[in-house]
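K.L.:
Contents of upload_7.tsv (TSV, C-alpha atoms and all ligand atoms) are below:
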chain	number	residue	atom	x	y	z
A	239	MET	CA	-69.57	-44.82	37.81
A	240	THR	CA	-72.83	-43.25	38.96
A	241	PRO	CA	-72.52	-39.47	38.73
A	242	ARG	CA	-71.99	-37.57	41.98
A	243	SER	CA	-73.06	-34.21	40.56
A	244	PHE	CA	-75.77	-33.33	38.02
A	245	LEU	CA	-75.57	-29.67	36.89
A	246	PHE	CA	-78.72	-28.11	35.45
A	247	VAL	CA	-78.34	-25.71	32.57
A	248	PRO	CA	-81.18	-24.05	30.65
A	249	ALA	CA	-81.12	-25.63	27.19
A	250	ASP	CA	-81.82	-22.32	25.44
A	251	ALA	CA	-78.53	-20.83	26.70
A	252	PRO	CA	-75.59	-22.09	24.56
A	253	ALA	CA	-72.94	-20.02	26.42
A	254	LYS	CA	-74.01	-21.53	29.74
A	255	ILE	CA	-74.03	-25.01	28.21
A	256	ALA	CA	-70.37	-24.62	27.23
A	257	LYS	CA	-69.57	-23.54	30.80
A	258	ALA	CA	-71.53	-26.43	32.24
A	259	GLN	CA	-69.60	-28.91	30.09
A	260	ALA	CA	-66.33	-27.49	31.44
A	261	SER	CA	-67.52	-27.33	35.07
A	262	GLY	CA	-66.20	-30.69	36.26
A	263	ALA	CA	-69.74	-32.00	36.84
A	264	ASP	CA	-70.12	-35.75	36.33
A	265	ALA	CA	-73.38	-35.08	34.49
A	266	VAL	CA	-75.01	-32.04	32.88
A	267	ILE	CA	-78.80	-31.80	32.59
A	268	LEU	CA	-79.91	-29.80	29.55
A	269	ASP	CA	-83.20	-28.39	30.84
A	270	ILE	CA	-86.17	-27.93	28.53
A	271	GLU	CA	-88.66	-27.66	31.43
A	272	ASP	CA	-89.02	-25.01	34.11
A	273	SER	CA	-85.98	-22.86	33.30
A	274	VAL	CA	-87.15	-22.37	29.70
A	275	ALA	CA	-90.06	-20.07	28.76
A	276	LEU	CA	-92.84	-21.64	26.69
A	277	SER	CA	-91.95	-19.50	23.68
A	278	ALA	CA	-88.33	-20.73	23.84
A	279	LYS	CA	-89.08	-24.48	23.99
A	280	PRO	CA	-88.48	-25.05	20.23
A	281	GLN	CA	-85.13	-23.27	20.43
A	282	ALA	CA	-84.19	-25.21	23.59
A	283	ARG	CA	-84.95	-28.51	21.84
A	284	GLU	CA	-82.75	-27.51	18.92
A	285	VAL	CA	-79.81	-26.38	21.07
A	286	ALA	CA	-80.09	-29.54	23.18
A	287	ALA	CA	-80.00	-31.68	20.03
A	288	GLN	CA	-76.98	-29.77	18.68
A	289	THR	CA	-75.17	-30.10	22.00
A	290	LEU	CA	-75.77	-33.84	22.07
A	291	ALA	CA	-74.57	-34.11	18.47
A	292	GLY	CA	-71.35	-32.23	19.33
A	293	PRO	CA	-68.14	-33.51	20.96
A	294	ARG	CA	-68.95	-35.88	23.82
A	295	ALA	CA	-65.82	-35.86	25.99
A	296	GLY	CA	-66.61	-34.57	29.47
A	297	PRO	CA	-69.77	-34.97	31.52
A	298	GLU	CA	-72.61	-37.33	30.71
A	299	LEU	CA	-75.35	-35.39	28.94
A	300	TRP	CA	-78.92	-35.74	30.26
A	301	VAL	CA	-82.07	-33.90	29.19
A	302	ARG	CA	-84.92	-32.76	31.41
A	303	VAL	CA	-88.02	-32.96	29.24
A	304	ASN	CA	-91.38	-31.40	30.06
A	305	PRO	CA	-93.85	-33.42	32.17
A	306	LEU	CA	-95.80	-36.15	30.38
A	307	ALA	CA	-99.05	-34.30	31.14
A	308	SER	CA	-97.80	-31.08	29.49
A	309	GLY	CA	-98.31	-32.23	25.93
A	310	LEU	CA	-94.73	-31.18	25.17
A	311	ALA	CA	-92.75	-34.27	26.17
A	312	LEU	CA	-93.10	-36.22	22.92
A	313	ALA	CA	-91.72	-33.31	20.88
A	314	ASP	CA	-88.87	-32.99	23.41
A	315	LEU	CA	-88.03	-36.68	23.06
A	316	ALA	CA	-88.34	-36.60	19.27
A	317	ALA	CA	-85.73	-33.83	19.17
A	318	VAL	CA	-83.15	-35.32	21.54
A	319	ILE	CA	-83.32	-39.12	21.51
A	320	PRO	CA	-81.80	-39.45	17.98
A	321	HIS	CA	-78.66	-37.86	19.51
A	322	ALA	CA	-78.43	-40.43	22.31
A	323	PRO	CA	-78.49	-38.59	25.65
A	324	ALA	CA	-77.28	-40.65	28.63
A	325	GLY	CA	-80.70	-40.27	30.17
A	326	ILE	CA	-83.92	-38.36	30.60
A	327	VAL	CA	-84.82	-36.48	33.76
A	328	LEU	CA	-88.59	-36.81	34.18
A	329	PRO	CA	-90.28	-34.00	36.13
A	330	LYS	CA	-93.63	-34.31	37.93
A	331	PRO	CA	-94.39	-38.03	37.61
A	332	ASP	CA	-97.40	-39.07	39.72
A	333	SER	CA	-95.98	-42.57	40.18
A	334	VAL	CA	-93.94	-45.30	38.55
A	335	ALA	CA	-96.68	-45.55	35.89
A	336	ASP	CA	-95.28	-42.37	34.30
A	337	VAL	CA	-91.80	-43.91	34.21
A	338	VAL	CA	-93.22	-47.01	32.52
A	339	THR	CA	-94.98	-44.79	29.95
A	340	LEU	CA	-91.75	-42.89	29.30
A	341	ALA	CA	-89.88	-46.19	28.95
A	342	HIS	CA	-92.36	-47.23	26.22
A	343	TYR	CA	-91.81	-43.93	24.41
A	344	LEU	CA	-88.05	-44.48	24.67
A	345	ASP	CA	-88.43	-48.01	23.27
A	346	ALA	CA	-90.03	-46.49	20.18
A	347	PHE	CA	-87.66	-43.52	19.76
A	348	GLU	CA	-84.58	-45.70	20.28
A	349	ALA	CA	-85.81	-48.18	17.67
A	350	ALA	CA	-86.55	-45.36	15.21
A	351	ALA	CA	-83.04	-43.95	15.73
A	352	GLY	CA	-81.30	-47.33	15.47
A	353	LEU	CA	-80.05	-47.08	19.06
A	354	ALA	CA	-79.51	-50.02	21.40
A	355	PRO	CA	-82.80	-50.80	23.13
A	356	GLY	CA	-82.85	-49.68	26.76
A	357	ARG	CA	-79.71	-47.50	26.55
A	358	THR	CA	-81.45	-44.31	27.73
A	359	ARG	CA	-81.74	-44.11	31.53
A	360	ILE	CA	-84.55	-42.38	33.45
A	361	LEU	CA	-84.19	-40.17	36.53
A	362	PRO	CA	-87.60	-39.14	37.94
A	363	ILE	CA	-88.00	-36.07	40.13
A	364	ALA	CA	-90.32	-38.16	42.19
A	365	THR	CA	-91.93	-35.73	44.67
A	366	GLU	CA	-93.31	-32.83	42.66
A	367	THR	CA	-97.06	-33.55	42.50
A	368	PRO	CA	-99.53	-34.11	45.36
A	369	ALA	CA	-100.34	-37.62	44.06
A	370	SER	CA	-96.64	-38.50	43.97
A	371	VAL	CA	-96.43	-38.34	47.77
A	372	PHE	CA	-98.45	-41.55	47.96
A	373	SER	CA	-96.38	-43.44	45.38
A	374	LEU	CA	-92.79	-43.14	46.50
A	375	GLY	CA	-92.61	-46.87	47.17
A	376	SER	CA	-93.79	-47.69	43.66
A	377	TYR	CA	-90.45	-47.35	41.87
A	378	VAL	CA	-89.45	-50.92	42.72
A	379	SER	CA	-91.28	-51.90	39.51
A	380	ALA	CA	-89.75	-49.19	37.29
A	381	GLY	CA	-87.56	-51.59	35.31
A	382	PRO	CA	-83.89	-51.43	34.31
A	383	ARG	CA	-83.88	-47.89	32.89
A	384	LEU	CA	-84.30	-46.38	36.37
A	385	ALA	CA	-81.04	-44.57	37.24
A	386	GLY	CA	-81.99	-43.12	40.61
A	387	LEU	CA	-84.65	-41.10	42.39
A	388	THR	CA	-84.46	-37.42	43.16
A	389	TRP	CA	-86.84	-34.96	44.74
A	390	GLY	CA	-87.80	-31.30	44.58
A	391	ALA	CA	-88.65	-28.79	47.30
A	392	GLU	CA	-90.48	-26.18	45.22
A	393	ASP	CA	-93.18	-27.64	42.96
A	394	LEU	CA	-94.97	-29.74	45.59
A	395	PRO	CA	-95.52	-26.91	48.11
A	396	ALA	CA	-96.71	-24.69	45.25
A	397	ALA	CA	-99.12	-27.37	44.00
A	398	ILE	CA	-100.51	-27.89	47.48
A	399	GLY	CA	-101.06	-24.17	48.06
A	400	ALA	CA	-98.31	-23.59	50.61
A	401	THR	CA	-96.92	-20.06	50.51
A	402	GLN	CA	-93.38	-21.23	51.39
A	403	SER	CA	-91.42	-24.47	51.32
A	404	ARG	CA	-89.30	-23.33	54.27
A	405	ASN	CA	-89.98	-22.44	57.88
A	406	PRO	CA	-89.03	-18.96	59.19
A	407	ASP	CA	-85.71	-20.41	60.48
A	408	GLY	CA	-84.81	-21.61	56.97
A	409	SER	CA	-85.45	-25.29	57.62
A	410	LEU	CA	-87.61	-27.28	55.20
A	411	ASN	CA	-91.28	-27.60	56.12
A	412	ASP	CA	-92.67	-30.93	57.31
A	413	LEU	CA	-94.07	-31.93	53.92
A	414	CYS	CA	-90.68	-31.46	52.24
A	415	ARG	CA	-88.82	-33.32	54.97
A	416	MET	CA	-91.29	-36.19	54.69
A	417	VAL	CA	-91.00	-36.58	50.92
A	418	ARG	CA	-87.22	-36.22	51.11
A	419	SER	CA	-87.14	-39.18	53.51
A	420	LEU	CA	-89.59	-41.14	51.36
A	421	CYS	CA	-87.39	-40.46	48.32
A	422	LEU	CA	-84.42	-41.95	50.21
A	423	ALA	CA	-86.37	-45.04	51.24
A	424	GLY	CA	-88.06	-45.36	47.84
A	425	ALA	CA	-84.70	-45.26	46.07
A	426	ALA	CA	-83.18	-47.85	48.40
A	427	ALA	CA	-86.24	-50.09	47.96
A	428	ALA	CA	-85.85	-49.80	44.18
A	429	GLY	CA	-82.10	-50.50	44.42
A	430	VAL	CA	-81.04	-47.18	42.86
A	431	PRO	CA	-79.10	-44.14	44.13
A	432	ALA	CA	-80.95	-41.32	45.93
A	433	ILE	CA	-79.96	-37.94	44.54
A	434	GLU	CA	-80.24	-34.87	46.78
A	435	THR	CA	-82.12	-31.85	45.48
A	436	VAL	CA	-80.65	-28.46	44.58
A	437	TYR	CA	-79.33	-25.88	47.03
A	438	PRO	CA	-80.71	-22.71	45.43
A	439	ASP	CA	-78.53	-20.09	47.21
A	440	PHE	CA	-75.57	-20.46	44.85
A	441	ARG	CA	-73.37	-17.87	46.54
A	442	ASP	CA	-73.53	-19.60	49.95
A	443	GLU	CA	-70.73	-22.16	49.78
A	444	ALA	CA	-70.79	-23.00	53.49
A	445	GLY	CA	-74.53	-23.58	53.37
A	446	LEU	CA	-74.15	-25.77	50.28
A	447	ARG	CA	-71.47	-27.86	51.96
A	448	ALA	CA	-73.57	-28.34	55.09
A	449	TRP	CA	-76.61	-29.30	52.99
A	450	ALA	CA	-74.63	-31.78	50.87
A	451	GLU	CA	-72.95	-33.28	53.95
A	452	ALA	CA	-76.29	-33.75	55.68
A	453	GLY	CA	-77.56	-35.47	52.54
A	454	ARG	CA	-74.52	-37.76	52.41
A	455	ARG	CA	-74.93	-38.72	56.09
A	456	GLU	CA	-78.57	-39.59	55.47
A	457	GLY	CA	-77.91	-41.75	52.40
A	458	PHE	CA	-77.83	-39.55	49.30
A	459	THR	CA	-74.86	-40.40	47.07
A	460	ALA	CA	-75.22	-37.59	44.50
A	461	MET	CA	-76.75	-34.13	44.27
A	462	LEU	CA	-78.28	-31.76	41.74
A	463	ALA	CA	-76.52	-28.41	41.11
A	464	ILE	CA	-77.75	-25.19	39.54
A	465	HIS	CA	-74.46	-23.28	39.24
A	466	PRO	CA	-70.93	-24.35	38.19
A	467	ALA	CA	-69.56	-22.99	41.48
A	468	GLN	CA	-71.45	-25.74	43.32
A	469	VAL	CA	-69.88	-28.66	41.47
A	470	ALA	CA	-66.52	-28.98	43.24
A	471	VAL	CA	-68.13	-28.95	46.68
A	472	ILE	CA	-70.70	-31.58	45.69
A	473	ASN	CA	-68.09	-33.84	44.08
A	474	ALA	CA	-65.90	-33.59	47.16
A	475	VAL	CA	-68.70	-34.33	49.61
A	476	MET	CA	-70.05	-37.23	47.54
A	477	THR	CA	-66.63	-38.91	47.19
A	478	PRO	CA	-65.50	-41.09	50.10
A	479	SER	CA	-62.49	-39.46	51.80
A	480	ALA	CA	-59.23	-41.32	52.50
A	481	ALA	CA	-60.36	-41.54	56.15
A	482	ASP	CA	-63.77	-42.97	55.13
A	483	ILE	CA	-62.03	-45.60	52.99
A	484	ALA	CA	-59.53	-46.52	55.70
A	485	ALA	CA	-62.35	-46.89	58.25
A	486	ALA	CA	-64.39	-49.04	55.86
A	487	ARG	CA	-61.38	-51.27	55.15
A	488	ALA	CA	-60.78	-51.68	58.88
A	489	VAL	CA	-64.37	-52.84	59.37
A	490	ILE	CA	-64.13	-55.32	56.51
A	491	ALA	CA	-60.79	-56.59	57.79
A	492	ALA	CA	-62.23	-57.08	61.29
A	493	PHE	CA	-64.96	-59.34	59.89
A	494	ALA	CA	-62.54	-61.13	57.56
A	495	ALA	CA	-60.28	-61.92	60.53
A	496	THR	CA	-63.08	-63.83	62.26
A	497	PRO	CA	-64.93	-65.77	59.57
A	498	GLY	CA	-68.28	-67.22	60.60
A	499	VAL	CA	-68.70	-64.69	63.41
A	500	GLY	CA	-71.59	-62.20	63.20
A	501	VAL	CA	-70.38	-59.60	65.65
A	502	VAL	CA	-66.88	-58.23	66.24
A	503	ALA	CA	-65.25	-55.47	68.27
A	504	LEU	CA	-63.15	-52.70	66.72
A	505	ASP	CA	-61.56	-49.93	68.82
A	506	GLY	CA	-63.92	-50.69	71.70
A	507	LYS	CA	-67.12	-50.57	69.61
A	508	MET	CA	-69.50	-53.34	68.58
A	509	LEU	CA	-69.82	-54.02	64.87
A	510	ASP	CA	-72.44	-56.26	63.31
A	511	ARG	CA	-74.05	-56.80	59.95
A	512	PRO	CA	-75.22	-53.19	59.21
A	513	HIS	CA	-71.71	-51.87	59.82
A	514	LEU	CA	-70.32	-54.34	57.30
A	515	THR	CA	-72.99	-53.28	54.79
A	516	GLN	CA	-72.09	-49.61	55.32
A	517	ALA	CA	-68.39	-50.33	54.84
A	518	GLN	CA	-69.05	-52.24	51.61
A	519	LYS	CA	-71.22	-49.39	50.30
A	520	THR	CA	-68.46	-46.86	51.04
A	521	LEU	CA	-65.90	-48.89	49.10
A	522	ALA	CA	-68.35	-49.27	46.20
A	523	ARG	CA	-68.39	-45.46	45.88
A	524	MET	CA	-64.57	-45.15	45.66
A	525	ARG	CA	-63.36	-43.23	42.57
A	526	GLU	CA	-60.30	-43.79	40.42
A	527	ASP	CA	-59.89	-40.08	39.58
A	601	LIG	N1	-74.52	-23.72	33.97
A	601	LIG	C1	-73.52	-23.13	33.26
A	601	LIG	N2	-73.10	-21.86	33.44
A	601	LIG	C2	-73.71	-21.16	34.43
A	601	LIG	C3	-74.76	-21.72	35.19
A	601	LIG	C4	-75.16	-23.05	34.93
A	601	LIG	N3	-76.15	-23.65	35.62
A	601	LIG	N4	-75.16	-20.80	36.08
A	601	LIG	C5	-74.40	-19.71	35.88
A	601	LIG	N5	-73.54	-19.92	34.88
A	601	LIG	C6	-72.54	-19.00	34.34
A	601	LIG	C7	-73.16	-17.66	34.05
A	601	LIG	O1	-73.70	-17.64	32.74
A	601	LIG	C8	-71.98	-16.73	34.20
A	601	LIG	O2	-71.22	-16.77	33.03
A	601	LIG	P1	-70.45	-15.44	32.50
A	601	LIG	O3	-69.47	-15.13	33.57
A	601	LIG	O4	-69.85	-15.88	31.21
A	601	LIG	O5	-71.53	-14.40	32.35
A	601	LIG	C9	-71.16	-17.38	35.30
A	601	LIG	O6	-71.58	-18.75	35.35
A	601	LIG	C10	-71.43	-16.77	36.65
A	601	LIG	O7	-72.81	-16.76	36.89
A	601	LIG	P2	-73.48	-15.81	37.96
A	601	LIG	O8	-73.38	-14.39	37.54
A	601	LIG	O9	-72.93	-16.17	39.29
A	601	LIG	O10	-74.99	-16.27	37.95
A	601	LIG	P3	-76.14	-15.75	36.97
A	601	LIG	O11	-76.87	-14.64	37.65
A	601	LIG	O12	-75.60	-15.53	35.61
A	601	LIG	O13	-77.09	-17.04	36.88
A	601	LIG	C11	-78.85	-18.50	37.46
A	601	LIG	C12	-77.88	-17.44	37.96
A	601	LIG	C13	-79.63	-19.06	38.63
A	601	LIG	C14	-79.83	-17.87	36.45
A	601	LIG	C15	-78.02	-19.62	36.76
A	601	LIG	O14	-77.15	-20.13	37.73
A	601	LIG	C16	-78.80	-20.73	36.12
A	601	LIG	O15	-79.29	-20.56	35.00
A	601	LIG	N6	-78.89	-21.90	36.78
A	601	LIG	C17	-79.56	-23.05	36.25
A	601	LIG	C18	-81.07	-22.87	36.34
A	601	LIG	C19	-81.80	-24.12	35.98
A	601	LIG	O16	-81.45	-24.84	35.06
A	601	LIG	N7	-82.88	-24.41	36.74
A	601	LIG	C20	-83.64	-25.62	36.55
A	601	LIG	C21	-83.44	-26.61	37.64
A	601	LIG	S1	-83.91	-26.05	39.24
A	602	MG	MG	-89.63	-27.45	38.85
What's the structure tokens form of this structure?
P.N.:
Amino acid sequence: MTPRSFLFVPADAPAKIAKAQASGADAVILDIEDSVALSAKPQAREVAAQTLAGPRAGPELWVRVNPLASGLALADLAAVIPHAPAGIVLPKPDSVADVVTLAHYLDAFEAAAGLAPGRTRILPIATETPASVFSLGSYVSAGPRLAGLTWGAEDLPAAIGATQSRNPDGSLNDLCRMVRSLCLAGAAAAGVPAIETVYPDFRDEAGLRAWAEAGRREGFTAMLAIHPAQVAVINAVMTPSAADIAAARAVIAAFAATPGVGVVALDGKMLDRPHLTQAQKTLARMRED
């Protein structure tokens, strides 16, 4: 199943990594980028490699490498790919071209490590550079490694020279709202899940729930986390409830009862094709656990 929750953990912090693996997250992202100081990158690579080489029950293990333009990404990949992470989180791509470049690097590292070609997935954080804003429709040609699209609300405003990413009332500024929407549409166009960005205020559970629920309503099916306390809320919000499933089944049953008919009525409301699509998508996200 596609993960519902991806928990970031700085890769130079072994005690936190152990906690992250026990957090209930569907996926853990061992971060070698922004949460790790430059002087600690070699240590972070080593700890990430050791973690990947250790017991693998529990969450999928992903690695966020440094941006391709940083000059650090090849050393990151050289350290971790031999230990077969589920995927690579790619920060600050300008467009799908960076994903294609990363895919070529992965082809080579997988071959060198004797791993199945194409096994390593790629999750771009697709909205972090000014150029990226104009390329969010480009991921349709990313190829089969693409696991989803996610976005960030901090790096882009900083790169553009904004002093804040939020308005005085706490809402996201226009630029962030725009790229968030383009991330949703870009992911749908590419046929991959859209993954909601982090909610940084990790002590505000009500705010987290509201943010995750808004994301779910708008089409995100998973979310990034920065603290173990956020995982249970995200998993709950991103799992269809019993009521959601019952409603979806009722819609599908209403169409099945009248084959060859494009529009039906259920409980006094009109249903047509998009409602059937929504119901099918809800059932596709059902979990066994
Ligand atoms: N993964 C695993 N464990 C975590 C964690 C995480 N992301 N965040 C916090 N913890 C642990 C702490 O180490 C602490 O453990 P302890 O009780 O054994 O000391 C416990 O959970 C409670 O943490 P708390 O005191 O509430 O927070 P903190 O001040 O220690 O940490 C952050 C706050 C923001 C530094 C921390 O949550 C963090 O490192 N988050 C991830 C940052 C990151 O990767 N950013 C990059 C993507 S934006
Ligand atoms: Mg960042």
K.L.:
Please extract the residues at most 12 Å from ligand MG 602 (chain A), counting only C-alpha atoms and all ligand atoms, and provide them as number ranges by chain, using the chain letters and residue numbers of this document.
P.N.:
A: 246, 269-274, 302-305, 327-331, 362-367, 389-397, 435-436
K.L.:
What does the file look like for those residues with C-alpha atoms, as a PDB file, in the coordinates of the input?
P.N.:
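Dumped everything to part-v3.pdb:
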ATOM      1  CA  PHE A 246     -78.720 -28.110  35.450  1.00  0.00           C
ATOM      2  CA  ASP A 269     -83.200 -28.390  30.840  1.00  0.00           C
ATOM      3  CA  ILE A 270     -86.170 -27.930  28.530  1.00  0.00           C
ATOM      4  CA  GLU A 271     -88.660 -27.660  31.430  1.00  0.00           C
ATOM      5  CA  ASP A 272     -89.020 -25.010  34.110  1.00  0.00           C
ATOM      6  CA  SER A 273     -85.980 -22.860  33.300  1.00  0.00           C
ATOM      7  CA  VAL A 274     -87.150 -22.370  29.700  1.00  0.00           C
ATOM      8  CA  ARG A 302     -84.920 -32.760  31.410  1.00  0.00           C
ATOM      9  CA  VAL A 303     -88.020 -32.960  29.240  1.00  0.00           C
ATOM     10  CA  ASN A 304     -91.380 -31.400  30.060  1.00  0.00           C
ATOM     11  CA  PRO A 305     -93.850 -33.420  32.170  1.00  0.00           C
ATOM     12  CA  VAL A 327     -84.820 -36.480  33.760  1.00  0.00           C
ATOM     13  CA  LEU A 328     -88.590 -36.810  34.180  1.00  0.00           C
ATOM     14  CA  PRO A 329     -90.280 -34.000  36.130  1.00  0.00           C
ATOM     15  CA  LYS A 330     -93.630 -34.310  37.930  1.00  0.00           C
ATOM     16  CA  PRO A 331     -94.390 -38.030  37.610  1.00  0.00           C
ATOM     17  CA  PRO A 362     -87.600 -39.140  37.940  1.00  0.00           C
ATOM     18  CA  ILE A 363     -88.000 -36.070  40.130  1.00  0.00           C
ATOM     19  CA  ALA A 364     -90.320 -38.160  42.190  1.00  0.00           C
ATOM     20  CA  THR A 365     -91.930 -35.730  44.670  1.00  0.00           C
ATOM     21  CA  GLU A 366     -93.310 -32.830  42.660  1.00  0.00           C
ATOM     22  CA  THR A 367     -97.060 -33.550  42.500  1.00  0.00           C
ATOM     23  CA  TRP A 389     -86.840 -34.960  44.740  1.00  0.00           C
ATOM     24  CA  GLY A 390     -87.800 -31.300  44.580  1.00  0.00           C
ATOM     25  CA  ALA A 391     -88.650 -28.790  47.300  1.00  0.00           C
ATOM     26  CA  GLU A 392     -90.480 -26.180  45.220  1.00  0.00           C
ATOM     27  CA  ASP A 393     -93.180 -27.640  42.960  1.00  0.00           C
ATOM     28  CA  LEU A 394     -94.970 -29.740  45.590  1.00  0.00           C
ATOM     29  CA  PRO A 395     -95.520 -26.910  48.110  1.00  0.00           C
ATOM     30  CA  ALA A 396     -96.710 -24.690  45.250  1.00  0.00           C
ATOM     31  CA  ALA A 397     -99.120 -27.370  44.000  1.00  0.00           C
ATOM     32  CA  THR A 435     -82.120 -31.850  45.480  1.00  0.00           C
ATOM     33  CA  VAL A 436     -80.650 -28.460  44.580  1.00  0.00           C
TER      34      VAL A 436
END
K.L.:
So how far away is atom CA of Asp332 of chain A from atom CA of Ala282 of chain A, in Å?
P.N.:
25.0 Å
K.L.:
Quick one: distance from atom CA of Ala485 of chain A to atom CA of Ala263 of chain A in Å, one decimal?
P.N.:
27.1 Å
K.L.:
For ligand LIG 601 (chain A), collect every residue having any atom at a distance of at most 7 Å from a ligand atom (counting all atoms listed in the file); output as a PDB file with C-alpha atoms, keeping the file's coordinate frame.
P.N.:
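See result_29.pdb below for the written result:
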ATOM      1  CA  LEU A 245     -75.570 -29.670  36.890  1.00  0.00           C
ATOM      2  CA  PHE A 246     -78.720 -28.110  35.450  1.00  0.00           C
ATOM      3  CA  VAL A 247     -78.340 -25.710  32.570  1.00  0.00           C
ATOM      4  CA  PRO A 248     -81.180 -24.050  30.650  1.00  0.00           C
ATOM      5  CA  ALA A 253     -72.940 -20.020  26.420  1.00  0.00           C
ATOM      6  CA  LYS A 254     -74.010 -21.530  29.740  1.00  0.00           C
ATOM      7  CA  ILE A 255     -74.030 -25.010  28.210  1.00  0.00           C
ATOM      8  CA  ALA A 256     -70.370 -24.620  27.230  1.00  0.00           C
ATOM      9  CA  LYS A 257     -69.570 -23.540  30.800  1.00  0.00           C
ATOM     10  CA  ALA A 258     -71.530 -26.430  32.240  1.00  0.00           C
ATOM     11  CA  ASP A 269     -83.200 -28.390  30.840  1.00  0.00           C
ATOM     12  CA  ASP A 272     -89.020 -25.010  34.110  1.00  0.00           C
ATOM     13  CA  SER A 273     -85.980 -22.860  33.300  1.00  0.00           C
ATOM     14  CA  VAL A 436     -80.650 -28.460  44.580  1.00  0.00           C
ATOM     15  CA  ILE A 464     -77.750 -25.190  39.540  1.00  0.00           C
ATOM     16  CA  HIS A 465     -74.460 -23.280  39.240  1.00  0.00           C
ATOM     17  CA  PRO A 466     -70.930 -24.350  38.190  1.00  0.00           C
TER      18      PRO A 466
END
K.L.:
Is there a way to get, as a list in words, all residues within 7 Å of the point (-71.0, -24.6, 46.8) in file coordinates, counting only C-alpha atoms?
P.N.:
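It turns out the residues near that spot are Phe440, Asp442, Glu443, Ala444, Leu446, Arg447, Ala467, Gln468, Val469 and Val471 of chain A.
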K.L.:
With all atoms listed in the file as the atoms that count, which of A:Ser373, A:Ile472, A:Leu310, A:Ser409 lies nearest to Ala423 of chain A?
P.N.:
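Of A:Ser373, A:Ile472, A:Leu310, A:Ser409, the one nearest Ala423 of chain A, counting all atoms listed in the file, is A:Ser373.
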K.L.:
Identify, on the basis of all atoms listed in the file, every residue whose closest approach to Asp510 of chain A does not exceed 9 Å; exclude the query and any residue fewer than 3 positions from it along the same chain; express the result as a count of residues only.
P.N.:
7
K.L.:
I need segment 441-486 of chain A from the structure I supplied, saved as a compact mmCIF listing (two decimals), in the first residue's frame with C-alpha atoms retained.
P.N.:
# COMPACT_ATOMS: atom_id res chain seq x y z
CA ARG A 441 2.52 20.33 19.92
CA ASP A 442 -0.70 21.55 18.27
CA GLU A 443 -2.68 18.36 17.71
CA ALA A 444 -5.95 20.10 16.85
CA GLY A 445 -4.19 22.27 14.28
CA LEU A 446 -2.47 19.22 12.80
CA ARG A 447 -5.78 17.37 12.49
CA ALA A 448 -7.46 20.34 10.81
CA TRP A 449 -4.53 20.73 8.39
CA ALA A 450 -4.47 17.02 7.52
CA GLU A 451 -8.26 16.92 7.10
CA ALA A 452 -8.19 19.92 4.78
CA GLY A 453 -5.49 18.18 2.77
CA ARG A 454 -7.53 14.97 2.56
CA ARG A 455 -10.63 16.88 1.40
CA GLU A 456 -8.61 18.56 -1.32
CA GLY A 457 -7.03 15.35 -2.64
CA PHE A 458 -3.87 14.58 -0.65
CA THR A 459 -3.74 10.92 0.38
CA ALA A 460 -0.64 11.03 2.61
CA MET A 461 1.31 13.57 4.63
CA LEU A 462 4.82 14.30 5.84
CA ALA A 463 5.46 14.35 9.62
CA ILE A 464 8.29 15.82 11.67
CA HIS A 465 7.49 14.35 15.10
CA PRO A 466 6.31 10.88 16.22
CA ALA A 467 3.33 12.47 17.99
CA GLN A 468 1.94 13.47 14.58
CA VAL A 469 1.85 9.97 13.10
CA ALA A 470 -1.34 8.57 14.64
CA VAL A 471 -3.38 11.62 13.64
CA ILE A 472 -2.08 11.53 10.06
CA ASN A 473 -2.68 7.79 9.70
CA ALA A 474 -6.21 8.18 11.01
CA VAL A 475 -7.08 11.10 8.75
CA MET A 476 -5.55 9.45 5.67
CA THR A 477 -7.43 6.16 6.20
CA PRO A 478 -11.01 6.01 4.90
CA SER A 479 -13.41 5.73 7.87
CA ALA A 480 -16.11 3.06 8.11
CA ALA A 481 -18.63 5.78 7.17
CA ASP A 482 -16.54 6.81 4.12
CA ILE A 483 -16.40 3.18 2.99
CA ALA A 484 -20.12 2.60 3.51
CA ALA A 485 -20.94 5.76 1.54
CA ALA A 486 -18.60 4.75 -1.29
